[in-house]
>>> print(open('final.csv').read())   # CSV, C-alpha atoms (C1' of nucleotides)
chain,number,residue,atom,x,y,z
A,1,MET,CA,-18.4,8.1,-24.9
A,2,THR,CA,-15.0,9.5,-24.1
A,3,ILE,CA,-12.8,8.4,-21.2
A,4,GLN,CA,-13.5,11.7,-19.4
A,5,GLU,CA,-17.3,11.1,-19.7
A,6,ALA,CA,-16.9,7.5,-18.6
A,7,ALA,CA,-14.8,8.7,-15.7
A,8,ARG,CA,-17.3,11.2,-14.6
A,9,ARG,CA,-20.2,8.8,-14.9
A,10,SER,CA,-18.4,5.8,-13.2
A,11,GLY,CA,-16.8,7.9,-10.5
A,12,LEU,CA,-13.4,6.4,-11.4
A,13,SER,CA,-10.5,8.5,-12.7
A,14,ALA,CA,-9.4,8.2,-16.3
A,15,HIS,CA,-6.1,6.8,-15.0
A,16,THR,CA,-8.0,4.1,-13.2
A,17,LEU,CA,-10.1,3.2,-16.2
A,18,ARG,CA,-6.9,2.7,-18.2
A,19,TYR,CA,-5.5,0.7,-15.4
A,20,TYR,CA,-8.6,-1.5,-15.2
A,21,GLU,CA,-8.4,-2.2,-18.9
A,22,ARG,CA,-4.6,-3.0,-18.7
A,23,ILE,CA,-5.1,-5.6,-16.0
A,24,GLY,CA,-8.0,-7.2,-17.9
A,25,LEU,CA,-10.9,-6.0,-15.8
A,26,ILE,CA,-12.5,-4.4,-18.8
A,27,HIS,CA,-11.9,-6.2,-22.0
A,28,SER,CA,-10.9,-4.2,-25.2
A,29,VAL,CA,-12.9,-1.0,-25.0
A,30,ASP,CA,-13.7,0.2,-28.6
A,31,ARG,CA,-11.5,2.9,-30.2
A,32,ASP,CA,-12.6,5.7,-32.4
A,33,GLY,CA,-10.8,6.9,-35.6
A,34,LYS,CA,-8.2,8.7,-33.5
A,35,GLY,CA,-7.4,5.6,-31.4
A,36,HIS,CA,-9.2,7.2,-28.4
A,37,ARG,CA,-11.3,5.0,-26.1
A,38,ASP,CA,-15.0,5.0,-26.8
A,39,TYR,CA,-17.0,3.6,-24.0
A,40,THR,CA,-20.5,2.0,-24.4
A,41,GLU,CA,-23.4,1.9,-22.0
A,42,GLN,CA,-22.6,-1.8,-21.5
A,43,ASP,CA,-19.1,-0.8,-20.4
A,44,LEU,CA,-20.6,1.6,-18.0
A,45,SER,CA,-22.9,-1.0,-16.4
A,46,TRP,CA,-20.0,-3.4,-16.1
A,47,LEU,CA,-17.9,-0.7,-14.4
A,48,GLU,CA,-20.8,0.0,-12.0
A,49,PHE,CA,-20.9,-3.6,-11.0
A,50,LEU,CA,-17.1,-3.7,-10.7
A,51,THR,CA,-17.3,-0.7,-8.5
A,52,ARG,CA,-19.7,-2.5,-6.2
A,53,LEU,CA,-17.5,-5.5,-6.0
A,54,ARG,CA,-14.5,-3.2,-5.1
A,55,SER,CA,-16.6,-1.3,-2.6
A,56,THR,CA,-17.5,-4.5,-0.8
A,57,GLY,CA,-13.8,-5.3,-0.6
A,58,MET,CA,-13.4,-7.9,-3.3
A,59,PRO,CA,-9.6,-8.0,-4.2
A,60,ILE,CA,-8.7,-6.9,-7.7
A,61,ALA,CA,-7.4,-10.4,-8.4
A,62,ASP,CA,-10.8,-12.0,-7.8
A,63,MET,CA,-12.5,-9.4,-9.9
A,64,CYS,CA,-10.1,-10.3,-12.7
A,65,ARG,CA,-11.0,-13.9,-12.3
A,66,TYR,CA,-14.7,-13.1,-12.5
A,67,ALA,CA,-14.1,-10.9,-15.6
A,68,ASP,CA,-12.2,-13.6,-17.2
A,69,LEU,CA,-14.9,-16.2,-16.6
A,70,ARG,CA,-17.4,-13.8,-17.9
A,71,ARG,CA,-15.5,-13.5,-21.2
A,72,GLN,CA,-15.3,-17.3,-21.5
A,73,GLY,CA,-19.0,-17.4,-21.9
A,74,ARG,CA,-22.2,-19.0,-20.6
A,75,HIS,CA,-20.7,-22.3,-19.4
A,76,THR,CA,-18.8,-20.5,-16.6
A,77,ALA,CA,-22.0,-19.2,-15.1
A,78,PRO,CA,-22.0,-21.7,-12.2
A,79,GLU,CA,-18.5,-20.8,-11.2
A,80,ARG,CA,-19.4,-17.1,-11.3
A,81,GLN,CA,-22.5,-17.7,-9.2
A,82,ARG,CA,-20.4,-19.6,-6.6
A,83,MET,CA,-17.9,-16.7,-6.5
A,84,LEU,CA,-20.7,-14.2,-5.9
A,85,GLU,CA,-22.3,-16.4,-3.2
A,86,THR,CA,-19.0,-16.8,-1.4
A,87,HIS,CA,-18.5,-13.1,-1.6
A,88,ARG,CA,-22.0,-12.5,-0.4
A,89,VAL,CA,-21.2,-14.4,2.8
A,90,ARG,CA,-18.2,-12.2,3.4
A,91,VAL,CA,-20.1,-9.0,2.9
A,92,ALA,CA,-22.9,-10.1,5.2
A,93,ALA,CA,-20.3,-11.0,7.9
A,94,ARG,CA,-18.6,-7.6,7.4
A,95,ILE,CA,-21.9,-5.8,7.9
A,96,ALA,CA,-22.5,-7.7,11.1
A,97,GLU,CA,-19.0,-6.8,12.3
A,98,LEU,CA,-19.5,-3.2,11.5
A,99,ALA,CA,-22.8,-3.2,13.3
A,100,GLN,CA,-21.1,-4.5,16.4
A,101,ASP,CA,-18.4,-1.9,16.1
A,102,LEU,CA,-21.1,0.7,15.8
A,103,ASP,CA,-22.5,-0.4,19.1
A,104,VAL,CA,-19.2,-0.1,20.8
A,105,LEU,CA,-18.8,3.3,19.3
A,106,ASP,CA,-22.2,4.3,20.6
A,107,TYR,CA,-21.4,3.0,24.0
A,108,LYS,CA,-18.2,5.1,24.1
A,109,ILE,CA,-19.9,8.2,22.9
A,110,ASN,CA,-22.5,7.7,25.6
A,111,MET,CA,-19.8,7.6,28.2
A,112,TYR,CA,-18.4,10.9,27.0
A,113,LYS,CA,-22.0,12.4,27.1
A,114,GLU,CA,-22.4,11.2,30.7
A,115,MET,CA,-19.1,12.6,31.6
A,116,SER,CA,-20.0,16.1,30.6
B,117,MET,CA,1.9,-10.2,30.3
B,118,THR,CA,4.4,-10.9,27.5
B,119,ILE,CA,4.2,-9.5,24.0
B,120,GLN,CA,3.3,-13.0,22.7
B,121,GLU,CA,0.4,-13.3,25.2
B,122,ALA,CA,-0.8,-9.8,24.3
B,123,ALA,CA,-0.5,-10.7,20.6
B,124,ARG,CA,-2.5,-13.8,21.1
B,125,ARG,CA,-5.2,-12.1,23.1
B,126,SER,CA,-5.5,-9.0,20.9
B,127,GLY,CA,-5.3,-10.8,17.6
B,128,LEU,CA,-2.5,-8.6,16.5
B,129,SER,CA,1.0,-9.8,15.7
B,130,ALA,CA,3.9,-9.0,18.1
B,131,HIS,CA,5.4,-7.0,15.1
B,132,THR,CA,2.3,-5.0,14.9
B,133,LEU,CA,2.2,-4.4,18.7
B,134,ARG,CA,5.7,-2.9,18.5
B,135,TYR,CA,4.8,-0.9,15.5
B,136,TYR,CA,1.7,0.5,17.3
B,137,GLU,CA,3.9,1.5,20.2
B,138,ARG,CA,6.5,3.1,18.0
B,139,ILE,CA,4.0,5.3,16.2
B,140,GLY,CA,2.5,6.4,19.5
B,141,LEU,CA,-0.8,4.4,19.4
B,142,ILE,CA,0.1,2.7,22.7
B,143,HIS,CA,2.0,4.8,25.1
B,144,SER,CA,5.0,3.4,26.9
B,145,VAL,CA,4.2,-0.1,27.7
B,146,ASP,CA,5.9,-1.2,31.0
B,147,ARG,CA,9.1,-3.1,30.8
B,148,ASP,CA,10.2,-5.9,33.1
B,149,GLY,CA,13.7,-6.4,34.6
B,150,LYS,CA,14.9,-7.7,31.2
B,151,GLY,CA,13.6,-4.7,29.3
B,152,HIS,CA,10.9,-6.9,27.8
B,153,ARG,CA,7.4,-5.4,27.3
B,154,ASP,CA,4.9,-6.3,30.1
B,155,TYR,CA,1.3,-5.6,29.0
B,156,THR,CA,-1.4,-4.8,31.5
B,157,GLU,CA,-5.2,-5.6,31.2
B,158,GLN,CA,-5.7,-1.8,30.6
B,159,ASP,CA,-3.3,-2.1,27.6
B,160,LEU,CA,-5.4,-5.0,26.3
B,161,SER,CA,-8.7,-3.1,26.6
B,162,TRP,CA,-7.1,-0.1,24.8
B,163,LEU,CA,-5.8,-2.4,22.1
B,164,GLU,CA,-9.3,-3.9,21.7
B,165,PHE,CA,-10.8,-0.5,21.2
B,166,LEU,CA,-8.0,0.4,18.7
B,167,THR,CA,-8.8,-2.8,16.8
B,168,ARG,CA,-12.4,-1.7,16.5
B,169,LEU,CA,-11.5,1.7,15.3
B,170,ARG,CA,-9.2,0.1,12.7
B,171,SER,CA,-11.8,-2.5,11.7
B,172,THR,CA,-14.2,0.4,11.0
B,173,GLY,CA,-11.7,2.0,8.7
B,174,MET,CA,-10.3,4.8,10.9
B,175,PRO,CA,-6.9,5.8,9.5
B,176,ILE,CA,-3.9,5.2,11.7
B,177,ALA,CA,-3.2,8.9,11.7
B,178,ASP,CA,-6.6,9.6,13.3
B,179,MET,CA,-6.2,6.9,15.8
B,180,CYS,CA,-2.8,8.5,16.8
B,181,ARG,CA,-4.6,11.8,17.2
B,182,TYR,CA,-7.2,10.2,19.4
B,183,ALA,CA,-4.5,8.4,21.5
B,184,ASP,CA,-2.6,11.7,21.8
B,185,LEU,CA,-5.7,13.5,23.1
B,186,ARG,CA,-6.4,10.7,25.5
B,187,ARG,CA,-2.9,11.1,27.0
B,188,GLN,CA,-3.4,14.8,27.4
B,189,GLY,CA,-6.1,14.2,29.9
B,190,ARG,CA,-9.7,14.9,30.8
B,191,HIS,CA,-10.0,18.3,29.2
B,192,THR,CA,-9.7,16.8,25.7
B,193,ALA,CA,-12.8,14.7,26.2
B,194,PRO,CA,-15.0,16.9,24.1
B,195,GLU,CA,-12.7,16.7,21.1
B,196,ARG,CA,-12.5,13.0,21.5
B,197,GLN,CA,-16.2,12.8,21.7
B,198,ARG,CA,-16.5,14.8,18.5
B,199,MET,CA,-14.0,12.5,16.8
B,200,LEU,CA,-16.0,9.4,17.7
B,201,GLU,CA,-19.3,11.1,16.6
B,202,THR,CA,-17.8,12.1,13.2
B,203,HIS,CA,-16.5,8.6,12.8
B,204,ARG,CA,-19.8,7.1,13.8
B,205,VAL,CA,-21.5,8.9,10.9
B,206,ARG,CA,-19.0,7.4,8.5
B,207,VAL,CA,-19.4,3.9,9.9
B,208,ALA,CA,-23.2,4.1,9.6
B,209,ALA,CA,-22.9,5.4,6.1
B,210,ARG,CA,-20.6,2.5,5.3
B,211,ILE,CA,-23.0,0.0,6.6
B,212,ALA,CA,-25.8,1.5,4.5
B,213,GLU,CA,-23.5,1.3,1.4
B,214,LEU,CA,-22.7,-2.3,2.1
B,215,ALA,CA,-26.3,-3.1,2.6
B,216,GLN,CA,-27.1,-1.7,-0.8
B,217,ASP,CA,-24.2,-3.6,-2.4
B,218,LEU,CA,-25.5,-6.7,-0.8
B,219,ASP,CA,-28.8,-6.1,-2.5
B,220,VAL,CA,-27.1,-5.8,-5.9
B,221,LEU,CA,-25.2,-9.0,-5.1
B,222,ASP,CA,-28.4,-10.8,-4.3
B,223,TYR,CA,-30.0,-9.6,-7.4
B,224,LYS,CA,-27.1,-10.9,-9.5
B,225,ILE,CA,-27.1,-14.2,-7.7
B,226,ASN,CA,-30.8,-14.5,-8.4
B,227,MET,CA,-30.2,-13.9,-12.1
B,228,TYR,CA,-27.7,-16.8,-12.1
B,229,LYS,CA,-30.2,-19.0,-10.3
B,230,GLU,CA,-32.9,-18.3,-12.8
B,231,MET,CA,-30.5,-18.9,-15.7
B,232,SER,CA,-29.9,-22.5,-14.5
C,233,DG,C1',29.4,-23.9,28.3
C,234,DT,C1',26.9,-23.7,24.3
C,235,DT,C1',22.6,-24.0,22.1
C,236,DT,C1',17.9,-22.5,21.8
C,237,DG,C1',14.6,-19.3,21.7
C,238,DA,C1',12.3,-15.1,22.9
C,239,DC,C1',13.2,-10.6,23.4
C,240,DT,C1',15.2,-5.8,22.0
C,241,DT,C1',15.9,-1.7,18.4
C,242,DC,C1',16.0,0.3,13.9
C,243,DG,C1',15.4,0.4,9.3
C,244,DA,C1',14.3,-1.8,5.2
C,245,DG,C1',10.9,-4.5,2.4
C,246,DT,C1',6.1,-5.9,0.9
C,247,DG,C1',1.5,-5.9,-1.2
C,248,DC,C1',-2.3,-3.6,-2.7
C,249,DA,C1',-4.6,-0.4,-5.5
C,250,DC,C1',-4.1,3.0,-7.6
C,251,DT,C1',-1.8,7.5,-9.4
C,252,DC,C1',1.3,9.9,-11.9
C,253,DT,C1',5.0,11.0,-15.4
C,254,DA,C1',7.3,11.0,-19.7
C,255,DA,C1',7.2,11.2,-24.4
C,256,DG,C1',4.6,11.7,-28.2
C,257,DG,C1',0.3,12.3,-31.6
C,258,DG,C1',-3.9,14.9,-33.3
C,259,DC,C1',-7.0,18.6,-33.7
C,260,DG,C1',-9.5,23.0,-33.1
C,261,DA,C1',-8.9,28.1,-31.9
C,262,DC,C1',-6.5,32.2,-32.6
D,263,DG,C1',1.6,27.7,-37.7
D,264,DT,C1',1.6,27.4,-33.0
D,265,DC,C1',-0.7,27.1,-28.6
D,266,DG,C1',-3.4,24.5,-25.6
D,267,DC,C1',-5.6,20.5,-24.5
D,268,DC,C1',-6.9,15.9,-24.6
D,269,DC,C1',-5.6,11.6,-26.0
D,270,DT,C1',-2.2,7.4,-26.4
D,271,DT,C1',1.4,3.8,-24.1
D,272,DA,C1',4.7,2.0,-20.8
D,273,DG,C1',6.6,2.2,-16.8
D,274,DA,C1',7.8,4.4,-12.4
D,275,DG,C1',6.1,6.4,-8.0
D,276,DT,C1',2.9,6.9,-4.0
D,277,DG,C1',0.5,6.0,0.4
D,278,DC,C1',-1.1,3.0,3.7
D,279,DA,C1',-0.5,-0.4,7.1
D,280,DC,C1',1.9,-3.4,8.2
D,281,DT,C1',5.7,-7.1,8.0
D,282,DC,C1',10.2,-8.6,8.1
D,283,DG,C1',15.3,-8.9,8.7
D,284,DA,C1',19.6,-7.9,10.9
D,285,DA,C1',22.3,-7.6,14.8
D,286,DG,C1',22.5,-8.0,19.5
D,287,DT,C1',21.1,-9.3,24.6
D,288,DC,C1',19.7,-12.5,28.0
D,289,DA,C1',18.1,-16.6,30.6
D,290,DA,C1',16.8,-21.2,30.9
D,291,DA,C1',17.6,-26.1,29.0
D,292,DC,C1',20.7,-29.8,27.9
>>> encode(input="final.csv", output="structure tokens")
Amino acid sequence: MTIQEAARRSGLSAHTLRYYERIGLIHSVDRDGKGHRDYTEQDLSWLEFLTRLRSTGMPIADMCRYADLRRQGRHTAPERQRMLETHRVRVAARIAELAQDLDVLDYKINMYKEMS
Amino acid sequence: MTIQEAARRSGLSAHTLRYYERIGLIHSVDRDGKGHRDYTEQDLSWLEFLTRLRSTGMPIADMCRYADLRRQGRHTAPERQRMLETHRVRVAARIAELAQDLDVLDYKINMYKEMS
DNA sequence: GTTTGACTTCGAGTGCACTCTAAGGGCGAC
DNA sequence: GTCGCCCTTAGAGTGCACTCGAAGTCAAAC
């Protein structure tokens, strides 16, 4: 599929897709006869996963590391697993923090409600 | 209390405290005889709340708006309440998104576990 | 009395993650 | 054939939220 289609489906801009490829987050997207990028469904799934990692606040550098390990093949699976597990802890902590913040927000909102 | 003490207790750096004051997030901290900042407990509570707003991803510009309304007095309470309610919706949505991301992460980690 | 160290202001610099521009190529529609 | 549009690359620019540096003041420590 074209870069526009991939952009539409991934929710990223075409600029960002090229940027991700340039920094090695996506490895060598196929080109068609005109030299234009031609994304596969696999590329899309990978992008979707990358988007989740980003959404959870993983730095681009770490994502590059993960992508790189993935390209190196099966024997890097344990390290990839460790990366995800470490990240999982961070995400869970972040959710807990936000839940606390939400409580404070509710408390404040309630104060405003009682004022009026 | 001194800026160092306020930094220690708020978890922000002295640089950041000066920056927050400069952009109007904290209004006119008292100065002692030497012209040095002298933070009060109220300043600290306000900073703590600001920190929560930041932690939940409120942009600095919105925080400035909120701080500005607060300075204008009691009659801005309804608008401040609306701001917090709008923000509350965003934070709740963010938590839901992260929870989903966490599920995907767990799914992936499980795949690695089954592989080995 | 001079060195140390914390403070002041103002403005410049940093890091991250994009985001856009410039310059050029290819192709279908009119 | 030329207009419009989408694509390519490489590199520069942007926005946010800090973060730091320079230059100067002041008071206590040695």
>>> calpha_fit_and_write(input="final.csv", fixed="chain B", moving="chain A", output="PDB file with C-alpha atoms, in the frame of the given file")
ATOM      1  CA  MET A   1       1.824 -10.250  30.200  1.00  0.00           C
ATOM      2  CA  THR A   2       4.338 -10.914  27.480  1.00  0.00           C
ATOM      3  CA  ILE A   3       4.134  -9.572  23.927  1.00  0.00           C
ATOM      4  CA  GLN A   4       3.282 -13.071  22.641  1.00  0.00           C
ATOM      5  CA  GLU A   5       0.344 -13.311  25.131  1.00  0.00           C
ATOM      6  CA  ALA A   6      -0.787  -9.805  24.260  1.00  0.00           C
ATOM      7  CA  ALA A   7      -0.553 -10.722  20.604  1.00  0.00           C
ATOM      8  CA  ARG A   8      -2.589 -13.791  20.986  1.00  0.00           C
ATOM      9  CA  ARG A   9      -5.225 -12.081  23.080  1.00  0.00           C
ATOM     10  CA  SER A  10      -5.473  -8.892  20.867  1.00  0.00           C
ATOM     11  CA  GLY A  11      -5.313 -10.779  17.601  1.00  0.00           C
ATOM     12  CA  LEU A  12      -2.464  -8.497  16.464  1.00  0.00           C
ATOM     13  CA  SER A  13       1.032  -9.795  15.689  1.00  0.00           C
ATOM     14  CA  ALA A  14       3.913  -8.988  17.993  1.00  0.00           C
ATOM     15  CA  HIS A  15       5.431  -6.990  15.122  1.00  0.00           C
ATOM     16  CA  THR A  16       2.294  -4.924  14.953  1.00  0.00           C
ATOM     17  CA  LEU A  17       2.186  -4.292  18.669  1.00  0.00           C
ATOM     18  CA  ARG A  18       5.740  -2.943  18.471  1.00  0.00           C
ATOM     19  CA  TYR A  19       4.766  -0.897  15.527  1.00  0.00           C
ATOM     20  CA  TYR A  20       1.728   0.536  17.318  1.00  0.00           C
ATOM     21  CA  GLU A  21       3.872   1.538  20.254  1.00  0.00           C
ATOM     22  CA  ARG A  22       6.554   3.147  17.943  1.00  0.00           C
ATOM     23  CA  ILE A  23       4.015   5.360  16.225  1.00  0.00           C
ATOM     24  CA  GLY A  24       2.485   6.412  19.562  1.00  0.00           C
ATOM     25  CA  LEU A  25      -0.735   4.443  19.456  1.00  0.00           C
ATOM     26  CA  ILE A  26       0.109   2.756  22.706  1.00  0.00           C
ATOM     27  CA  HIS A  27       2.030   4.879  25.081  1.00  0.00           C
ATOM     28  CA  SER A  28       5.116   3.398  26.957  1.00  0.00           C
ATOM     29  CA  VAL A  29       4.151  -0.173  27.730  1.00  0.00           C
ATOM     30  CA  ASP A  30       5.880  -1.248  31.031  1.00  0.00           C
ATOM     31  CA  ARG A  31       9.136  -3.262  30.863  1.00  0.00           C
ATOM     32  CA  ASP A  32      10.177  -6.064  33.090  1.00  0.00           C
ATOM     33  CA  GLY A  33      13.711  -6.590  34.558  1.00  0.00           C
ATOM     34  CA  LYS A  34      14.934  -7.918  31.219  1.00  0.00           C
ATOM     35  CA  GLY A  35      13.649  -4.884  29.268  1.00  0.00           C
ATOM     36  CA  HIS A  36      10.859  -7.065  27.766  1.00  0.00           C
ATOM     37  CA  ARG A  37       7.387  -5.566  27.273  1.00  0.00           C
ATOM     38  CA  ASP A  38       4.894  -6.338  29.987  1.00  0.00           C
ATOM     39  CA  TYR A  39       1.390  -5.632  28.974  1.00  0.00           C
ATOM     40  CA  THR A  40      -1.479  -4.826  31.441  1.00  0.00           C
ATOM     41  CA  GLU A  41      -5.164  -5.555  31.183  1.00  0.00           C
ATOM     42  CA  GLN A  42      -5.657  -1.817  30.574  1.00  0.00           C
ATOM     43  CA  ASP A  43      -3.328  -2.093  27.580  1.00  0.00           C
ATOM     44  CA  LEU A  44      -5.356  -4.939  26.334  1.00  0.00           C
ATOM     45  CA  SER A  45      -8.668  -3.044  26.553  1.00  0.00           C
ATOM     46  CA  TRP A  46      -7.108  -0.088  24.796  1.00  0.00           C
ATOM     47  CA  LEU A  47      -5.843  -2.372  22.008  1.00  0.00           C
ATOM     48  CA  GLU A  48      -9.349  -3.878  21.694  1.00  0.00           C
ATOM     49  CA  PHE A  49     -10.814  -0.476  21.194  1.00  0.00           C
ATOM     50  CA  LEU A  50      -8.033   0.444  18.753  1.00  0.00           C
ATOM     51  CA  THR A  51      -8.792  -2.681  16.872  1.00  0.00           C
ATOM     52  CA  ARG A  52     -12.409  -1.638  16.525  1.00  0.00           C
ATOM     53  CA  LEU A  53     -11.474   1.753  15.297  1.00  0.00           C
ATOM     54  CA  ARG A  54      -9.129   0.118  12.665  1.00  0.00           C
ATOM     55  CA  SER A  55     -11.798  -2.384  11.721  1.00  0.00           C
ATOM     56  CA  THR A  56     -14.263   0.391  11.007  1.00  0.00           C
ATOM     57  CA  GLY A  57     -11.660   1.977   8.755  1.00  0.00           C
ATOM     58  CA  MET A  58     -10.364   4.796  10.897  1.00  0.00           C
ATOM     59  CA  PRO A  59      -6.888   5.807   9.429  1.00  0.00           C
ATOM     60  CA  ILE A  60      -3.908   5.200  11.670  1.00  0.00           C
ATOM     61  CA  ALA A  61      -3.268   8.944  11.730  1.00  0.00           C
ATOM     62  CA  ASP A  62      -6.638   9.697  13.328  1.00  0.00           C
ATOM     63  CA  MET A  63      -6.170   6.949  15.836  1.00  0.00           C
ATOM     64  CA  CYS A  64      -2.869   8.568  16.779  1.00  0.00           C
ATOM     65  CA  ARG A  65      -4.613  11.837  17.229  1.00  0.00           C
ATOM     66  CA  TYR A  66      -7.216  10.251  19.482  1.00  0.00           C
ATOM     67  CA  ALA A  67      -4.457   8.478  21.495  1.00  0.00           C
ATOM     68  CA  ASP A  68      -2.646  11.646  21.881  1.00  0.00           C
ATOM     69  CA  LEU A  69      -5.692  13.527  23.143  1.00  0.00           C
ATOM     70  CA  ARG A  70      -6.359  10.735  25.479  1.00  0.00           C
ATOM     71  CA  ARG A  71      -2.891  11.113  27.034  1.00  0.00           C
ATOM     72  CA  GLN A  72      -3.412  14.874  27.429  1.00  0.00           C
ATOM     73  CA  GLY A  73      -6.101  14.177  29.907  1.00  0.00           C
ATOM     74  CA  ARG A  74      -9.721  14.923  30.821  1.00  0.00           C
ATOM     75  CA  HIS A  75      -9.981  18.374  29.209  1.00  0.00           C
ATOM     76  CA  THR A  76      -9.711  16.838  25.708  1.00  0.00           C
ATOM     77  CA  ALA A  77     -12.796  14.749  26.256  1.00  0.00           C
ATOM     78  CA  PRO A  78     -15.038  16.962  24.078  1.00  0.00           C
ATOM     79  CA  GLU A  79     -12.673  16.792  21.173  1.00  0.00           C
ATOM     80  CA  ARG A  80     -12.491  13.002  21.516  1.00  0.00           C
ATOM     81  CA  GLN A  81     -16.271  12.738  21.653  1.00  0.00           C
ATOM     82  CA  ARG A  82     -16.559  14.857  18.458  1.00  0.00           C
ATOM     83  CA  MET A  83     -14.008  12.588  16.723  1.00  0.00           C
ATOM     84  CA  LEU A  84     -15.989   9.489  17.685  1.00  0.00           C
ATOM     85  CA  GLU A  85     -19.301  11.069  16.577  1.00  0.00           C
ATOM     86  CA  THR A  86     -17.848  12.058  13.230  1.00  0.00           C
ATOM     87  CA  HIS A  87     -16.511   8.587  12.842  1.00  0.00           C
ATOM     88  CA  ARG A  88     -19.814   7.135  13.856  1.00  0.00           C
ATOM     89  CA  VAL A  89     -21.468   8.920  10.929  1.00  0.00           C
ATOM     90  CA  ARG A  90     -18.972   7.405   8.547  1.00  0.00           C
ATOM     91  CA  VAL A  91     -19.454   3.909   9.830  1.00  0.00           C
ATOM     92  CA  ALA A  92     -23.227   4.182   9.665  1.00  0.00           C
ATOM     93  CA  ALA A  93     -22.956   5.433   6.029  1.00  0.00           C
ATOM     94  CA  ARG A  94     -20.573   2.544   5.210  1.00  0.00           C
ATOM     95  CA  ILE A  95     -23.044   0.023   6.592  1.00  0.00           C
ATOM     96  CA  ALA A  96     -25.795   1.496   4.477  1.00  0.00           C
ATOM     97  CA  GLU A  97     -23.547   1.310   1.409  1.00  0.00           C
ATOM     98  CA  LEU A  98     -22.668  -2.240   2.095  1.00  0.00           C
ATOM     99  CA  ALA A  99     -26.296  -3.110   2.549  1.00  0.00           C
ATOM    100  CA  GLN A 100     -27.053  -1.700  -0.861  1.00  0.00           C
ATOM    101  CA  ASP A 101     -24.180  -3.604  -2.367  1.00  0.00           C
ATOM    102  CA  LEU A 102     -25.539  -6.710  -0.740  1.00  0.00           C
ATOM    103  CA  ASP A 103     -28.795  -6.199  -2.528  1.00  0.00           C
ATOM    104  CA  VAL A 104     -27.128  -5.884  -5.843  1.00  0.00           C
ATOM    105  CA  LEU A 105     -25.183  -8.987  -5.097  1.00  0.00           C
ATOM    106  CA  ASP A 106     -28.376 -10.814  -4.250  1.00  0.00           C
ATOM    107  CA  TYR A 107     -30.011  -9.627  -7.382  1.00  0.00           C
ATOM    108  CA  LYS A 108     -27.091 -10.963  -9.467  1.00  0.00           C
ATOM    109  CA  ILE A 109     -27.033 -14.265  -7.725  1.00  0.00           C
ATOM    110  CA  ASN A 110     -30.747 -14.560  -8.372  1.00  0.00           C
ATOM    111  CA  MET A 111     -30.160 -14.056 -12.042  1.00  0.00           C
ATOM    112  CA  TYR A 112     -27.628 -16.862 -12.112  1.00  0.00           C
ATOM    113  CA  LYS A 113     -30.171 -19.130 -10.210  1.00  0.00           C
ATOM    114  CA  GLU A 114     -32.839 -18.322 -12.815  1.00  0.00           C
ATOM    115  CA  MET A 115     -30.462 -19.016 -15.558  1.00  0.00           C
ATOM    116  CA  SER A 116     -29.803 -22.543 -14.471  1.00  0.00           C
TER     117      SER A 116
END
>>> interface_residues(input="final.csv", of="chain B", to="chain C", cutoff="9 Å", atoms="all atoms listed in the file", output="JSON, numbers by chain")
{"B": [150, 151, 152, 153]}
>>> atom_distance(input="final.csv", atom1="atom CA of Arg204 of chain B", atom2="atom CA of Asp106 of chain A")
7.7 Å
>>> closest_atom_pairs(input="final.csv", of="chain B", to="chain D", cutoff="12 Å", atoms="all atoms listed in the file", output="tab-separated table")
residue	atom	partner	partner_atom	distance
B:Leu128	CA	D:DC280	C1'	10.7
B:Ser129	CA	D:DT281	C1'	9.4
B:Ala130	CA	D:DT281	C1'	10.4
B:His131	CA	D:DT281	C1'	7.1
B:Thr132	CA	D:DC280	C1'	6.9
B:Leu133	CA	D:DC280	C1'	10.6
B:Arg134	CA	D:DC280	C1'	11.0
B:Tyr135	CA	D:DC280	C1'	8.2
B:Tyr136	CA	D:DC280	C1'	9.9
B:Ile139	CA	D:DA279	C1'	11.6
B:Gly149	CA	D:DC288	C1'	10.8
B:Lys150	CA	D:DC288	C1'	7.5
B:Gly151	CA	D:DT287	C1'	10.0
B:His152	CA	D:DC288	C1'	10.4
B:Arg170	CA	D:DA279	C1'	10.4
B:Gly173	CA	D:DA279	C1'	11.6
B:Met174	CA	D:DA279	C1'	11.7
B:Pro175	CA	D:DC278	C1'	8.7
B:Ile176	CA	D:DA279	C1'	8.0
B:Ala177	CA	D:DC278	C1'	10.2
>>> closest_residue(input="final.csv", among="B:Leu163, B:Met117, B:Ala183, B:Ala123", to="Asp146 of chain B", atoms="all atoms listed in the file")
B:Met117
>>> atom_distance(input="final.csv", atom1="atom CA of Arg31 of chain A", atom2="atom CA of Gly73 of chain A")
23.2 Å
